[in-house]
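Engineer: Before I ask anything, let me first share the structure, which is written out below as structure tokens.
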Amino acid sequence: MERAAPTRETIVDLIEDIFLRRGAESYLGEQVTMSEHMLQAARLAEAEDGSDAMVAAALLHDIGHYANEFPEDALEQGIDNLHEIAGGRLLEPFFPPEVTEPVRLHVATKRYLCAVDPDYFATLSPASVHTLGLQGGPMSPEEVRGFERSPYRDLAVKVRRWDEAAKVKDRPTPPFSHYRPVLERVVRAGPA
Ligand code: FE
């Protein structure tokens, strides 16, 4: 059945529905499910006193795995599913760039950090190393310069580091409902 396009009034319900209905799916060979991963990332953002937008970006960075046209096991099949693009596109009508840019950039940020931070690669999980190859590998010096021009690069790096740290088996987190008010505040403030 074709789903009606989300609106400002329904986007948080749609996101909640994705978490509750699909969140238990495995996360590409990680030790955590997709919702555990995204909730752990949000928790890390909160623990560092991240703004509402930063907590929302951490919580939603992988939402595009559920909002793209590729088969769910695309990455396992060796196909880049471009989930960061799909996530950015889903969120962009409702969320500000402080949320959508770290989401859209989170794969580029992995490629960036691999190029500029010699210690970063060791923090990647095996599944993340595997997808790095599909995603283009570490950035070239020219790509690094382009990335560094983004006004959202520092935010994107923070979200990416929370992403890496959010794959701990059985680490308890608050449920999605804890973050609903955060999302509602960010959506109420609007996209621009
Ligand atoms: Fe992630």
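In the structure tokens, the first chain shown is A, the next is B, and so on; residue numbers restart at 1 for each chain, and ligands run from 1 in the order shown.
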What lies within 10 Å of Cys114 of chain A using only C-alpha atoms, ignoring chain neighbours under 3 positions off, as a PyMOL selection string?

Structural biologist: chain A and resi 108-111+117-122+124+132+137-139

Engineer: For the selection just defined, write its residues with N, CA and C atoms to a file, as a PDB file, in the first residue's frame.

Structural biologist:
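This is the output file result_28.pdb:
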```pdb
ATOM      1  N   ALA A 108      29.961  10.422   4.273  1.00  0.00           N
ATOM      2  CA  ALA A 108      31.107  11.246   3.859  1.00  0.00           C
ATOM      3  C   ALA A 108      32.023  11.508   5.051  1.00  0.00           C
ATOM      4  N   THR A 109      31.424  11.693   6.221  1.00  0.00           N
ATOM      5  CA  THR A 109      32.222  11.993   7.408  1.00  0.00           C
ATOM      6  C   THR A 109      33.092  10.806   7.801  1.00  0.00           C
ATOM      7  N   LYS A 110      32.562   9.614   7.633  1.00  0.00           N
ATOM      8  CA  LYS A 110      33.398   8.426   7.869  1.00  0.00           C
ATOM      9  C   LYS A 110      34.583   8.438   6.903  1.00  0.00           C
ATOM     10  N   ARG A 111      34.324   8.715   5.640  1.00  0.00           N
ATOM     11  CA  ARG A 111      35.393   8.753   4.633  1.00  0.00           C
ATOM     12  C   ARG A 111      36.384   9.872   4.950  1.00  0.00           C
ATOM     13  N   ASP A 117      42.237  11.341  10.331  1.00  0.00           N
ATOM     14  CA  ASP A 117      42.499  10.949  11.721  1.00  0.00           C
ATOM     15  C   ASP A 117      43.020   9.516  11.745  1.00  0.00           C
ATOM     16  N   PRO A 118      44.332   9.374  11.961  1.00  0.00           N
ATOM     17  CA  PRO A 118      44.928   8.035  11.894  1.00  0.00           C
ATOM     18  C   PRO A 118      44.353   7.058  12.930  1.00  0.00           C
ATOM     19  N   ASP A 119      43.784   7.585  14.023  1.00  0.00           N
ATOM     20  CA  ASP A 119      43.252   6.692  15.063  1.00  0.00           C
ATOM     21  C   ASP A 119      41.802   6.276  14.804  1.00  0.00           C
ATOM     22  N   TYR A 120      41.170   6.957  13.875  1.00  0.00           N
ATOM     23  CA  TYR A 120      39.734   6.748  13.692  1.00  0.00           C
ATOM     24  C   TYR A 120      39.408   5.369  13.118  1.00  0.00           C
ATOM     25  N   PHE A 121      40.203   4.932  12.157  1.00  0.00           N
ATOM     26  CA  PHE A 121      39.888   3.672  11.473  1.00  0.00           C
ATOM     27  C   PHE A 121      39.712   2.531  12.467  1.00  0.00           C
ATOM     28  N   ALA A 122      40.543   2.538  13.517  1.00  0.00           N
ATOM     29  CA  ALA A 122      40.474   1.461  14.515  1.00  0.00           C
ATOM     30  C   ALA A 122      39.155   1.453  15.276  1.00  0.00           C
ATOM     31  N   LEU A 124      36.240   1.755  13.844  1.00  0.00           N
ATOM     32  CA  LEU A 124      35.174   1.240  12.975  1.00  0.00           C
ATOM     33  C   LEU A 124      34.907  -0.234  13.266  1.00  0.00           C
ATOM     34  N   LEU A 132      32.700   0.824   4.088  1.00  0.00           N
ATOM     35  CA  LEU A 132      33.619   1.897   3.667  1.00  0.00           C
ATOM     36  C   LEU A 132      34.109   1.658   2.237  1.00  0.00           C
ATOM     37  N   GLY A 137      35.823   4.458   0.070  1.00  0.00           N
ATOM     38  CA  GLY A 137      37.081   4.467   0.813  1.00  0.00           C
ATOM     39  C   GLY A 137      37.401   5.850   1.373  1.00  0.00           C
ATOM     40  N   PRO A 138      38.592   5.999   1.972  1.00  0.00           N
ATOM     41  CA  PRO A 138      38.963   7.300   2.537  1.00  0.00           C
ATOM     42  C   PRO A 138      38.919   8.401   1.473  1.00  0.00           C
ATOM     43  N   MET A 139      38.611   9.629   1.894  1.00  0.00           N
ATOM     44  CA  MET A 139      38.543  10.756   0.959  1.00  0.00           C
ATOM     45  C   MET A 139      39.914  11.083   0.382  1.00  0.00           C
TER      46      MET A 139
END
```

Engineer: Please identify the residues whose atoms come within 10 Å of ligand 1, using only C-alpha atoms and all ligand atoms, and report them as a list in words.

Structural biologist: Tyr27, Met34, His37, Met38, Gln40, Ala41, Ala58, Leu59, Leu60, His61, Asp62, Ile63, His65, Glu84, Val103, His106, Val107, Ser128, Val159, Arg160, Arg161, Trp162, Asp163, Glu164, Ala165, Ala166 and Lys167 of chain A

Engineer: Using the selection just defined, write its residues with C-alpha atoms as a PDB file, in the first residue's frame.

Structural biologist:
```
ATOM      1  CA  TYR A  27      21.890  -3.627  11.779  1.00  0.00           C
ATOM      2  CA  MET A  34      18.915  -0.736  14.282  1.00  0.00           C
ATOM      3  CA  HIS A  37      22.001   1.659  17.566  1.00  0.00           C
ATOM      4  CA  MET A  38      20.086   4.867  16.906  1.00  0.00           C
ATOM      5  CA  GLN A  40      22.460   4.645  21.803  1.00  0.00           C
ATOM      6  CA  ALA A  41      23.673   7.387  19.465  1.00  0.00           C
ATOM      7  CA  ALA A  58      22.143  11.267  16.220  1.00  0.00           C
ATOM      8  CA  LEU A  59      18.765   9.561  16.664  1.00  0.00           C
ATOM      9  CA  LEU A  60      17.842   9.802  12.989  1.00  0.00           C
ATOM     10  CA  HIS A  61      21.184   9.418  11.220  1.00  0.00           C
ATOM     11  CA  ASP A  62      20.366   5.943   9.883  1.00  0.00           C
ATOM     12  CA  ILE A  63      16.628   6.454   9.257  1.00  0.00           C
ATOM     13  CA  HIS A  65      17.838   2.567   5.780  1.00  0.00           C
ATOM     14  CA  GLU A  84      22.349   8.915   3.960  1.00  0.00           C
ATOM     15  CA  VAL A 103      22.516  12.872   8.456  1.00  0.00           C
ATOM     16  CA  HIS A 106      27.434  10.816   7.913  1.00  0.00           C
ATOM     17  CA  VAL A 107      28.918   8.485   5.309  1.00  0.00           C
ATOM     18  CA  SER A 128      31.552  -0.408   8.872  1.00  0.00           C
ATOM     19  CA  VAL A 159      27.406  12.699  15.081  1.00  0.00           C
ATOM     20  CA  ARG A 160      29.777  10.305  13.329  1.00  0.00           C
ATOM     21  CA  ARG A 161      31.764   9.691  16.526  1.00  0.00           C
ATOM     22  CA  TRP A 162      28.524   8.952  18.395  1.00  0.00           C
ATOM     23  CA  ASP A 163      27.554   6.630  15.547  1.00  0.00           C
ATOM     24  CA  GLU A 164      30.772   4.623  16.014  1.00  0.00           C
ATOM     25  CA  ALA A 165      30.309   4.459  19.802  1.00  0.00           C
ATOM     26  CA  ALA A 166      26.656   3.361  19.545  1.00  0.00           C
ATOM     27  CA  LYS A 167      27.133  -0.301  18.752  1.00  0.00           C
TER      28      LYS A 167
END
```

Engineer: Write out as a ChimeraX atom specification all residues of segment 10-125 of chain A that backbone DSSP assigns to alpha helix (DSSP H).

Structural biologist: /A:11-22,34-47,52-60,83-91,97-104,106-116

Engineer: Using only C-alpha atoms, can you tell me which of A:His130, A:Ala56, A:Phe94, A:Ala115 comes closest to Glu142 of chain A?

Structural biologist: A:Ala115

Engineer: Quick one: of A:Ala67, A:Gly78, A:Glu98, A:Leu28, who's nearest to Pro6 of chain A, counting only C-alpha atoms?

Structural biologist: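 That would be A:Ala67, the residue with the smallest distance to Pro6 of chain A.
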
Engineer: Return the single residue from A:Glu101, A:Thr7, A:Gly23, A:Glu76 that is closest to Val157 of chain A, with distances computed using only C-alpha atoms.

Structural biologist: A:Glu101

Engineer: Just how far from atom CA of Val116 of chain A is atom CA of Gly133 of chain A, in Å to one decimal?

Structural biologist: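 These two atoms are separated by 16.8 Å.
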
Engineer: What does the distance between atom CA of Pro96 of chain A and atom CA of Val55 of chain A come to in Å, to one decimal place?

Structural biologist: 12.7 Å

Engineer: Rank nothing, just name the residue among A:Ile15, A:Leu113, A:Val129, A:Ala45 nearest to Leu183 of chain A, using only C-alpha atoms.

Structural biologist: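 Residue with the minimum atom-to-atom distance to Leu183 of chain A: A:Ile15.
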
Engineer: Please compute the atom CA of Thr123 of chain A-atom CA of Glu30 of chain A distance, one decimal, in Å.

Structural biologist: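 Computed distance, atom CA of Thr123 of chain A to atom CA of Glu30 of chain A, equals 13.4 Å.
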
Engineer: Given the choices A:Ala156, A:Val182, A:Ala189, A:Leu91, which gets closest to Ile11 of chain A if the distance is worked out from only C-alpha atoms?

Structural biologist: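 Ranked by minimum distance to Ile11 of chain A, first place goes to A:Leu91.
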